>>> print(open('start21.cif').read())   # mmCIF, C-alpha atoms and all ligand atoms
data_run
#
loop_
_atom_site.group_PDB
_atom_site.id
_atom_site.type_symbol
_atom_site.label_atom_id
_atom_site.label_comp_id
_atom_site.auth_asym_id
_atom_site.auth_seq_id
_atom_site.Cartn_x
_atom_site.Cartn_y
_atom_site.Cartn_z
ATOM 1 C CA MET A 20 -78.393 189.412 188.253
ATOM 2 C CA ASN A 21 -76.968 190.654 191.552
ATOM 3 C CA LEU A 22 -73.907 191.874 189.699
ATOM 4 C CA ASN A 23 -76.074 193.840 187.249
ATOM 5 C CA LYS A 24 -77.989 195.358 190.125
ATOM 6 C CA ALA A 25 -74.761 196.344 191.873
ATOM 7 C CA LEU A 26 -73.447 197.948 188.678
ATOM 8 C CA ALA A 27 -76.687 199.869 188.224
ATOM 9 C CA ASN A 28 -76.481 201.111 191.813
ATOM 10 C CA LEU A 29 -72.873 202.143 191.281
ATOM 11 C CA LYS A 30 -73.793 204.079 188.108
ATOM 12 C CA LEU A 31 -76.615 205.800 189.948
ATOM 13 C CA THR A 32 -74.318 206.762 192.825
ATOM 14 C CA LEU A 33 -71.633 208.088 190.471
ATOM 15 C CA GLY A 34 -74.276 210.026 188.526
ATOM 16 C CA LEU A 35 -75.570 211.621 191.725
ATOM 17 C CA VAL A 36 -72.048 212.532 192.873
ATOM 18 C CA LEU A 37 -71.319 214.113 189.477
ATOM 19 C CA PHE A 38 -74.621 215.991 189.506
ATOM 20 C CA PHE A 39 -74.116 217.476 192.980
ATOM 21 C CA SER A 40 -70.487 218.323 192.195
ATOM 22 C CA LEU A 41 -71.572 220.294 189.130
ATOM 23 C CA LEU A 42 -74.359 221.915 191.124
ATOM 24 C CA SER A 43 -71.932 223.094 193.805
ATOM 25 C CA LEU A 44 -69.526 224.400 191.150
ATOM 26 C CA CYS A 45 -72.350 226.465 189.665
ATOM 27 C CA PHE A 46 -73.213 227.687 193.139
ATOM 28 C CA TYR A 47 -69.659 228.823 193.893
ATOM 29 C CA PHE A 48 -68.786 230.069 190.426
ATOM 30 C CA PRO A 49 -69.890 233.695 191.077
ATOM 31 C CA ASP A 50 -67.509 233.788 194.032
ATOM 32 C CA LEU A 51 -64.701 232.446 191.873
ATOM 33 C CA ILE A 52 -65.339 235.169 189.312
ATOM 34 C CA ALA A 53 -65.505 237.806 192.030
ATOM 35 C CA SER A 54 -62.245 236.662 193.588
ATOM 36 C CA PHE A 55 -60.539 236.800 190.179
ATOM 37 C CA GLU A 56 -61.781 240.336 189.607
ATOM 38 C CA ASN A 57 -60.217 241.339 192.910
ATOM 39 C CA SER A 58 -57.009 239.442 192.284
ATOM 40 C CA SER A 59 -53.680 240.988 191.488
ATOM 41 C CA ILE A 60 -53.733 239.654 187.930
ATOM 42 C CA ALA A 61 -56.980 241.419 187.165
ATOM 43 C CA GLY A 62 -55.682 244.469 189.010
ATOM 44 C CA PHE A 63 -52.550 244.679 186.890
ATOM 45 C CA ALA A 64 -54.631 244.376 183.743
ATOM 46 C CA GLN A 65 -56.254 247.672 184.704
ATOM 47 C CA GLU A 66 -52.818 249.276 184.245
ATOM 48 C CA THR A 67 -53.281 252.096 186.708
ATOM 49 C CA LEU A 68 -50.438 254.519 186.127
ATOM 50 C CA LYS A 69 -49.372 257.578 188.082
ATOM 51 C CA GLU A 70 -47.219 260.263 186.514
ATOM 52 C CA ALA A 71 -43.960 260.583 188.444
ATOM 53 C CA TYR A 72 -43.583 263.621 190.706
ATOM 54 C CA PHE A 73 -39.872 264.215 190.073
ATOM 55 C CA TYR A 74 -38.490 263.996 186.550
ATOM 56 C CA LYS A 75 -37.268 266.111 183.651
ATOM 57 C CA LYS A 76 -38.326 265.912 180.025
ATOM 58 C CA LEU A 77 -35.365 265.701 177.644
ATOM 59 C CA ASP A 78 -34.972 265.717 173.848
ATOM 60 C CA ASN A 79 -36.461 262.968 171.676
ATOM 61 C CA GLN A 80 -39.005 261.940 174.351
ATOM 62 C CA ASN A 81 -36.251 260.856 176.735
ATOM 63 C CA VAL A 82 -36.826 261.610 180.418
ATOM 64 C CA GLN A 83 -34.589 261.847 183.464
ATOM 65 C CA CYS A 84 -35.929 260.578 186.775
ATOM 66 C CA MET A 85 -34.924 262.926 189.617
ATOM 67 C CA LEU A 86 -36.167 260.804 192.487
ATOM 68 C CA CYS A 87 -32.963 259.094 193.567
ATOM 69 C CA PRO A 88 -29.239 259.720 193.012
ATOM 70 C CA ARG A 89 -29.124 257.312 190.060
ATOM 71 C CA ARG A 90 -30.922 259.993 188.018
ATOM 72 C CA CYS A 91 -31.736 257.438 185.323
ATOM 73 C CA ILE A 92 -32.073 258.757 181.786
ATOM 74 C CA ILE A 93 -34.888 256.656 180.344
ATOM 75 C CA PRO A 94 -35.678 256.386 176.615
ATOM 76 C CA PRO A 95 -39.294 255.905 175.460
ATOM 77 C CA GLY A 96 -40.642 252.449 176.275
ATOM 78 C CA LYS A 97 -37.907 251.724 178.814
ATOM 79 C CA ARG A 98 -37.771 251.590 182.614
ATOM 80 C CA GLY A 99 -35.346 252.984 185.161
ATOM 81 C CA TYR A 100 -32.914 250.901 187.192
ATOM 82 C CA CYS A 101 -35.585 250.149 189.811
ATOM 83 C CA GLU A 102 -37.868 248.650 187.100
ATOM 84 C CA VAL A 103 -40.982 250.381 188.430
ATOM 85 C CA ARG A 104 -40.738 253.689 186.505
ATOM 86 C CA GLU A 105 -41.432 253.648 182.803
ATOM 87 C CA ASN A 106 -41.200 256.230 180.037
ATOM 88 C CA ARG A 107 -44.326 256.167 177.910
ATOM 89 C CA ASN A 108 -44.150 258.611 175.004
ATOM 90 C CA GLY A 109 -42.022 261.065 176.936
ATOM 91 C CA VAL A 110 -43.973 260.877 180.212
ATOM 92 C CA LEU A 111 -42.518 259.078 183.231
ATOM 93 C CA TYR A 112 -44.959 256.902 185.145
ATOM 94 C CA SER A 113 -44.877 254.935 188.377
ATOM 95 C CA LEU A 114 -46.097 251.401 187.653
ATOM 96 C CA VAL A 115 -46.704 250.535 191.310
ATOM 97 C CA TYR A 116 -49.058 253.270 192.501
ATOM 98 C CA ALA A 117 -51.694 251.753 194.829
ATOM 99 C CA LYS A 118 -50.297 248.259 194.273
ATOM 100 C CA PRO A 119 -48.819 247.029 197.556
ATOM 101 C CA CYS A 120 -47.448 243.497 197.302
ATOM 102 C CA ALA A 121 -46.851 243.260 201.053
ATOM 103 C CA VAL A 122 -49.377 244.364 203.675
ATOM 104 C CA HIS A 123 -48.787 243.344 207.290
ATOM 105 C CA ILE A 124 -49.286 244.621 210.813
ATOM 106 C CA ASP A 125 -45.926 244.586 212.620
ATOM 107 C CA PRO A 126 -44.629 245.722 215.998
ATOM 108 C CA ILE A 127 -42.946 249.114 215.618
ATOM 109 C CA GLU A 128 -39.789 247.509 217.015
ATOM 110 C CA LYS A 129 -39.592 245.433 213.810
ATOM 111 C CA LYS A 130 -39.039 248.577 211.702
ATOM 112 C CA PRO A 131 -36.790 248.717 213.866
ATOM 113 C CA LEU A 132 -37.682 251.773 215.946
ATOM 114 C CA PHE A 133 -37.187 251.476 219.685
ATOM 115 C CA HIS A 134 -37.959 255.014 220.837
ATOM 116 C CA PHE A 135 -41.020 255.841 218.774
ATOM 117 C CA LEU A 136 -44.333 254.855 220.360
ATOM 118 C CA PRO A 137 -42.862 251.681 221.950
ATOM 119 C CA SER A 138 -45.079 248.566 221.957
ATOM 120 C CA SER A 139 -47.332 250.002 219.234
ATOM 121 C CA TYR A 140 -48.100 248.368 215.902
ATOM 122 C CA ALA A 141 -47.595 249.684 212.395
ATOM 123 C CA PHE A 142 -49.690 248.942 209.319
ATOM 124 C CA SER A 143 -46.788 248.116 207.019
ATOM 125 C CA ILE A 144 -46.774 248.197 203.217
ATOM 126 C CA ALA A 145 -44.430 247.800 200.256
ATOM 127 C CA THR A 146 -44.619 247.533 196.493
ATOM 128 C CA ALA A 147 -42.233 245.664 194.223
ATOM 129 C CA GLY A 148 -38.874 247.224 193.376
ATOM 130 C CA CYS A 149 -35.750 248.821 194.785
ATOM 131 C CA ASN A 150 -33.075 251.251 193.617
ATOM 132 C CA LEU A 151 -30.296 249.026 195.019
ATOM 133 C CA ASP A 152 -29.602 245.334 194.359
ATOM 134 C CA CYS A 153 -27.734 244.139 197.452
ATOM 135 C CA VAL A 154 -26.738 240.453 197.280
ATOM 136 C CA PHE A 155 -27.701 240.005 200.945
ATOM 137 C CA CYS A 156 -31.215 241.468 200.643
ATOM 138 C CA GLN A 157 -33.663 239.879 203.063
ATOM 139 C CA ASN A 158 -36.664 240.707 200.873
ATOM 140 C CA TRP A 159 -35.153 240.021 197.445
ATOM 141 C CA GLN A 160 -38.247 238.162 196.210
ATOM 142 C CA ILE A 161 -40.148 241.467 196.084
ATOM 143 C CA SER A 162 -37.364 244.078 196.081
ATOM 144 C CA GLN A 163 -35.795 242.649 192.926
ATOM 145 C CA ALA A 164 -39.086 241.835 191.172
ATOM 146 C CA ARG A 165 -40.741 243.754 188.392
ATOM 147 C CA PRO A 166 -44.296 244.945 189.218
ATOM 148 C CA GLU A 167 -45.876 242.298 186.975
ATOM 149 C CA GLU A 168 -43.983 239.515 188.749
ATOM 150 C CA VAL A 169 -45.645 239.912 192.151
ATOM 151 C CA ASN A 170 -49.129 239.511 193.536
ATOM 152 C CA TYR A 171 -50.592 242.660 194.941
ATOM 153 C CA THR A 172 -53.736 244.142 196.429
ATOM 154 C CA TYR A 173 -55.119 247.229 194.710
ATOM 155 C CA LEU A 174 -55.411 249.879 197.425
ATOM 156 C CA GLU A 175 -55.809 253.577 196.704
ATOM 157 C CA PRO A 176 -54.577 255.830 199.553
ATOM 158 C CA GLU A 177 -58.155 256.447 200.757
ATOM 159 C CA GLU A 178 -58.877 252.698 200.923
ATOM 160 C CA LEU A 179 -55.590 252.070 202.660
ATOM 161 C CA ILE A 180 -56.368 254.662 205.337
ATOM 162 C CA GLU A 181 -59.746 253.010 205.943
ATOM 163 C CA LYS A 182 -58.014 249.650 206.424
ATOM 164 C CA VAL A 183 -55.537 251.217 208.826
ATOM 165 C CA LYS A 184 -58.383 252.645 210.903
ATOM 166 C CA LYS A 185 -60.236 249.320 210.938
ATOM 167 C CA SER A 186 -57.061 247.530 212.035
ATOM 168 C CA GLY A 187 -56.857 249.688 215.152
ATOM 169 C CA THR A 188 -53.328 250.838 214.364
ATOM 170 C CA THR A 189 -52.351 254.505 214.215
ATOM 171 C CA ILE A 190 -49.098 254.219 212.269
ATOM 172 C CA ILE A 191 -48.346 253.422 208.620
ATOM 173 C CA ALA A 192 -44.873 252.071 207.867
ATOM 174 C CA TYR A 193 -43.467 252.271 204.325
ATOM 175 C CA THR A 194 -41.004 249.440 204.408
ATOM 176 C CA TYR A 195 -39.879 245.927 203.269
ATOM 177 C CA THR A 196 -38.565 246.988 199.817
ATOM 178 C CA GLU A 197 -37.462 250.591 199.147
ATOM 179 C CA PRO A 198 -40.242 253.109 199.744
ATOM 180 C CA THR A 199 -38.468 255.741 197.629
ATOM 181 C CA ILE A 200 -39.341 253.863 194.456
ATOM 182 C CA PHE A 201 -43.061 253.956 195.332
ATOM 183 C CA TYR A 202 -42.710 257.622 196.266
ATOM 184 C CA GLU A 203 -45.968 258.903 194.759
ATOM 185 C CA TYR A 204 -48.026 256.265 196.582
ATOM 186 C CA MET A 205 -46.176 256.859 199.840
ATOM 187 C CA TYR A 206 -46.414 260.656 199.532
ATOM 188 C CA ASP A 207 -50.155 260.750 198.785
ATOM 189 C CA THR A 208 -50.900 258.219 201.510
ATOM 190 C CA ALA A 209 -48.716 259.947 204.092
ATOM 191 C CA LYS A 210 -50.288 263.331 203.354
ATOM 192 C CA LEU A 211 -53.787 261.956 203.754
ATOM 193 C CA ALA A 212 -52.852 259.927 206.826
ATOM 194 C CA LYS A 213 -51.298 262.929 208.559
ATOM 195 C CA SER A 214 -54.465 264.968 208.005
ATOM 196 C CA GLN A 215 -56.373 262.234 209.845
ATOM 197 C CA GLY A 216 -54.040 261.896 212.820
ATOM 198 C CA ILE A 217 -52.241 258.772 211.575
ATOM 199 C CA LYS A 218 -48.461 258.728 211.849
ATOM 200 C CA ASN A 219 -46.052 257.830 209.039
ATOM 201 C CA VAL A 220 -42.801 255.902 209.325
ATOM 202 C CA MET A 221 -40.302 255.312 206.502
ATOM 203 C CA HIS A 222 -37.850 252.411 206.614
ATOM 204 C CA SER A 223 -35.441 253.225 203.810
ATOM 205 C CA ASN A 224 -31.974 252.703 202.385
ATOM 206 C CA GLY A 225 -31.725 256.499 202.271
ATOM 207 C CA HIS A 226 -30.956 256.572 198.537
ATOM 208 C CA ILE A 227 -33.230 259.504 197.700
ATOM 209 C CA ASN A 228 -32.603 262.987 196.333
ATOM 210 C CA GLU A 229 -32.870 266.029 198.573
ATOM 211 C CA GLU A 230 -35.951 267.709 197.084
ATOM 212 C CA PRO A 231 -38.242 264.643 197.159
ATOM 213 C CA LEU A 232 -37.049 263.947 200.697
ATOM 214 C CA ARG A 233 -37.743 267.526 201.827
ATOM 215 C CA GLN A 234 -41.269 267.321 200.421
ATOM 216 C CA LEU A 235 -41.894 263.968 202.061
ATOM 217 C CA CYS A 236 -40.522 265.040 205.446
ATOM 218 C CA LYS A 237 -43.517 267.355 205.885
ATOM 219 C CA TYR A 238 -45.573 264.232 206.528
ATOM 220 C CA LEU A 239 -43.101 261.807 208.119
ATOM 221 C CA ASP A 240 -43.034 261.248 211.870
ATOM 222 C CA ALA A 241 -40.065 258.866 212.016
ATOM 223 C CA ALA A 242 -37.541 257.228 209.691
ATOM 224 C CA ASN A 243 -34.945 254.510 209.917
ATOM 225 C CA ILE A 244 -32.110 254.327 207.383
ATOM 226 C CA ASP A 245 -30.568 250.886 206.985
ATOM 227 C CA LEU A 246 -30.236 247.888 204.682
ATOM 228 C CA LYS A 247 -32.442 244.852 205.199
ATOM 229 C CA GLY A 248 -30.118 241.872 205.159
ATOM 230 C CA PHE A 249 -29.750 238.388 206.555
ATOM 231 C CA SER A 250 -27.240 238.341 209.393
HETATM 232 S S1 LIG A 301 -36.093 255.988 191.346
HETATM 233 FE FE1 LIG A 301 -35.686 254.347 189.859
HETATM 234 S S2 LIG A 301 -35.889 255.326 187.840
HETATM 235 FE FE2 LIG A 301 -35.691 256.962 189.365
HETATM 236 S S3 LIG A 301 -33.498 257.461 189.389
HETATM 237 FE FE3 LIG A 301 -33.869 255.966 191.024
HETATM 238 S S4 LIG A 301 -33.483 253.946 190.110
HETATM 239 FE FE4 LIG A 301 -33.707 255.429 188.429
#
>>> encode(input="start21.cif", output="structure tokens", more="lines below")
Ligand code: SF4
Amino acid sequence: MNLNKALANLKLTLGLVLFFSLLSLCFYFPDLIASFENSSIAGFAQETLKEAYFYKKLDNQNVQCMLCPRRCIIPPGKRGYCEVRENRNGVLYSLVYAKPCAVHIDPIEKKPLFHFLPSSYAFSIATAGCNLDCVFCQNWQISQARPEEVNYTYLEPEELIEKVKKSGTTIIAYTYTEPTIFYEYMYDTAKLAKSQGIKNVMHSNGHINEEPLRQLCKYLDAANIDLKGFS
């Protein structure tokens, strides 16, 4: 009899635990959905594309990217060497516009810049991809990744500037991977930032063509050319 009573009590307890567990799942489910909608996977599904600023249209829907000295000739449906620029029906698109996969606040000395606003902090961003593939790369997990292989936060230039202001920093650093390959995002952000008194710093391998660099320099306040490697 006592055993039956104990079993009944156990069943009741388990039933209550199950009930409240389900109840709490229902309660939190909207948040789970919301977090998925904001996640990188959902973001990539939106497929936001930005037409490249520097390229030539060639015969048979081929294009030639004019952003860096590789000058990739890209057939329809293919990507350039950096894997973040794709030819879709004869139009070259950046696949990483507004999709930073790294967002951190770093000391400016980490860029490394030692004579530019010393002791200040830089709101630092990068997307996936690079136009080099150095075996010693410090950030190979993101520099050698395709855009769909990394997690990212969707941040249009305007939203990024708002985050910079809220962070209390006054510098944006384009860094970690190779900023040249996310040129359109960097250019639009830098232009907007400059108009609002925010400074722009580029940490680059320097593998960029002259014309895109000249255009970008209108909005840059400092640059460091080096390779990011383990030493
Ligand atoms: S930016 Fe990318 S697609 Fe363009 S030339 Fe350089 S490696 Fe090729």
>>> axis_aligned_box(input="start21.cif", around="ligand LIG 301 (chain A)", padding_each_side="3 Å", output="lines of an AutoDock Vina configuration file")
center_x = -34.8
center_y = 255.7
center_z = 189.6
size_x = 8.6
size_y = 9.5
size_z = 9.5
>>> closest_atom_pairs(input="start21.cif", of="chain A", to="ligand LIG 301 (chain A)", cutoff="10 Å", atoms="only C-alpha atoms and all ligand atoms", output="tab-separated table")
residue	atom	partner	partner_atom	distance
A:Ala71	CA	A:LIG301	FE2	9.1
A:Phe73	CA	A:LIG301	FE2	8.4
A:Tyr74	CA	A:LIG301	FE2	8.1
A:Val82	CA	A:LIG301	S2	9.8
A:Gln83	CA	A:LIG301	S3	7.5
A:Cys84	CA	A:LIG301	FE2	4.5
A:Met85	CA	A:LIG301	S3	5.7
A:Leu86	CA	A:LIG301	S1	4.9
A:Cys87	CA	A:LIG301	FE3	4.1
A:Pro88	CA	A:LIG301	S3	6.0
A:Arg89	CA	A:LIG301	S3	4.4
A:Arg90	CA	A:LIG301	S3	3.9
A:Cys91	CA	A:LIG301	FE4	4.2
A:Ile92	CA	A:LIG301	FE4	7.6
A:Ile93	CA	A:LIG301	S2	7.7
A:Lys97	CA	A:LIG301	S2	9.9
A:Arg98	CA	A:LIG301	S2	6.7
A:Gly99	CA	A:LIG301	S2	3.6
A:Tyr100	CA	A:LIG301	S4	4.3
A:Cys101	CA	A:LIG301	FE1	4.2
A:Glu102	CA	A:LIG301	FE1	6.7
A:Val103	CA	A:LIG301	FE1	6.8
A:Arg104	CA	A:LIG301	S2	5.3
A:Glu105	CA	A:LIG301	S2	7.7
A:Asn106	CA	A:LIG301	S2	9.5
A:Leu111	CA	A:LIG301	S2	8.9
A:Tyr112	CA	A:LIG301	S2	9.6
A:Ser113	CA	A:LIG301	S2	9.0
A:Gly148	CA	A:LIG301	FE1	8.6
A:Cys149	CA	A:LIG301	S4	7.3
A:Asn150	CA	A:LIG301	S4	4.4
A:Leu151	CA	A:LIG301	S4	7.6
A:Glu197	CA	A:LIG301	S1	9.6
A:Pro198	CA	A:LIG301	S1	9.8
A:Thr199	CA	A:LIG301	S1	6.7
A:Ile200	CA	A:LIG301	S1	5.0
A:Phe201	CA	A:LIG301	S1	8.3
A:Tyr202	CA	A:LIG301	S1	8.4
A:His226	CA	A:LIG301	FE3	8.1
A:Ile227	CA	A:LIG301	FE3	7.6
A:Asn228	CA	A:LIG301	FE3	8.9
>>> closest_residue(input="start21.cif", among="A:Arg107, A:Lys182, A:Lys218, A:Lys118", to="Tyr204 of chain A", atoms="all atoms listed in the file")
A:Lys118
>>> resolve_selection(input="start21.cif", expression="the PyMOL selection byres (((chain A and resi 241) around 8) and not hetatm)", output="VMD selection string")
chain A and resid 135 219 to 221 239 to 240 242 to 243
>>> residues_around(input="start21.cif", residues="Ser186 of chain A", least_positions_apart="5", cutoff="10 Å", atoms="all atoms listed in the file", output="PyMOL selection string")
chain A and resi 124+140-142+180-181
>>> write_last_selection(input="start21.cif", atoms="C-alpha atoms", output="mmCIF file, in the coordinates of the input")
data_model
loop_
_atom_site.group_PDB
_atom_site.id
_atom_site.type_symbol
_atom_site.label_atom_id
_atom_site.label_comp_id
_atom_site.auth_asym_id
_atom_site.auth_seq_id
_atom_site.Cartn_x
_atom_site.Cartn_y
_atom_site.Cartn_z
ATOM 1 C CA ILE A 124 -49.286 244.621 210.813
ATOM 2 C CA TYR A 140 -48.100 248.368 215.902
ATOM 3 C CA ALA A 141 -47.595 249.684 212.395
ATOM 4 C CA PHE A 142 -49.690 248.942 209.319
ATOM 5 C CA ILE A 180 -56.368 254.662 205.337
ATOM 6 C CA GLU A 181 -59.746 253.010 205.943
#
>>> residues_around(input="start21.cif", residues="Tyr195 of chain A", least_positions_apart="3", cutoff="10 Å", atoms="only C-alpha atoms", output="VMD selection string")
chain A and resid 120 to 122 130 143 to 147 149 157 to 159 161 to 162 192 198 221 to 223 246 to 247
>>> atom_distance(input="start21.cif", atom1="atom CA of Ser139 of chain A", atom2="atom CA of Tyr193 of chain A")
15.6 Å
>>> closest_residue(input="start21.cif", among="A:Gly225, A:Pro176, A:Cys236, A:Lys213", to="Thr196 of chain A", atoms="all atoms listed in the file")
A:Gly225
>>> atom_distance(input="start21.cif", atom1="atom CA of Pro126 of chain A", atom2="atom CA of Glu168 of chain A")
28.0 Å
>>> atom_distance(input="start21.cif", atom1="atom CA of Asp245 of chain A", atom2="atom CA of Gly216 of chain A")
26.6 Å
>>> residues_around(input="start21.cif", residues="Leu174 of chain A", least_positions_apart="3", cutoff="6 Å", atoms="all atoms listed in the file", output="list in words")
Ala117, Glu178 and Leu179 of chain A
>>> resolve_selection(input="start21.cif", expression="the PyMOL selection byres (((chain A and resi 155) around 7) and not hetatm)", output="CSV table (one decimal) with C-alpha atoms, keeping the file's coordinate frame")
chain,number,residue,atom,x,y,z
A,153,CYS,CA,-27.7,244.1,197.5
A,154,VAL,CA,-26.7,240.5,197.3
A,156,CYS,CA,-31.2,241.5,200.6
A,157,GLN,CA,-33.7,239.9,203.1
A,248,GLY,CA,-30.1,241.9,205.2
A,249,PHE,CA,-29.8,238.4,206.6
>>> decode(input="start21.cif", residues="segment 197-243 of chain A", atoms="C-alpha atoms", output="compact mmCIF listing (two decimals), in the first residue's frame")
# COMPACT_ATOMS: atom_id res chain seq x y z
CA GLU A 197 41.32 42.27 -45.20
CA PRO A 198 39.14 45.38 -45.32
CA THR A 199 39.72 45.78 -49.07
CA ILE A 200 37.47 42.83 -49.80
CA PHE A 201 34.59 44.45 -47.88
CA TYR A 202 35.34 47.74 -49.62
CA GLU A 203 31.75 48.87 -50.26
CA TYR A 204 30.78 48.38 -46.61
CA MET A 205 33.94 50.09 -45.39
CA TYR A 206 33.59 52.98 -47.86
CA ASP A 207 29.93 53.73 -47.06
CA THR A 208 30.55 53.44 -43.33
CA ALA A 209 33.68 55.58 -43.40
CA LYS A 210 31.95 58.29 -45.42
CA LEU A 211 29.04 58.44 -43.01
CA ALA A 212 31.30 58.24 -39.96
CA LYS A 213 33.49 61.10 -41.18
CA SER A 214 30.43 63.32 -41.66
CA GLN A 215 29.60 62.72 -37.99
CA GLY A 216 33.06 63.41 -36.57
CA ILE A 217 34.06 59.75 -36.17
CA LYS A 218 37.53 58.77 -37.34
CA ASN A 219 38.35 55.84 -39.63
CA VAL A 220 41.36 53.54 -39.43
CA MET A 221 42.25 50.81 -41.95
CA HIS A 222 44.46 47.88 -40.99
CA SER A 223 45.28 46.30 -44.32
CA ASN A 224 47.68 44.11 -46.27
CA GLY A 225 47.85 46.96 -48.78
CA HIS A 226 46.79 44.76 -51.71
CA ILE A 227 44.39 47.27 -53.26
CA ASN A 228 44.31 49.08 -56.59
CA GLU A 229 45.12 52.78 -56.81
CA GLU A 230 41.70 54.18 -57.76
CA PRO A 231 39.71 52.47 -54.97
CA LEU A 232 42.41 53.50 -52.52
CA ARG A 233 42.33 57.14 -53.68
CA GLN A 234 38.56 57.23 -53.24
CA LEU A 235 38.77 55.66 -49.80
CA CYS A 236 41.56 57.96 -48.61
CA LYS A 237 39.12 60.88 -48.63
CA TYR A 238 37.60 59.37 -45.50
CA LEU A 239 40.53 57.61 -43.81
CA ASP A 240 42.34 59.20 -40.88
CA ALA A 241 45.03 56.55 -40.40
CA ALA A 242 46.18 53.26 -41.93
CA ASN A 243 48.58 50.50 -41.05
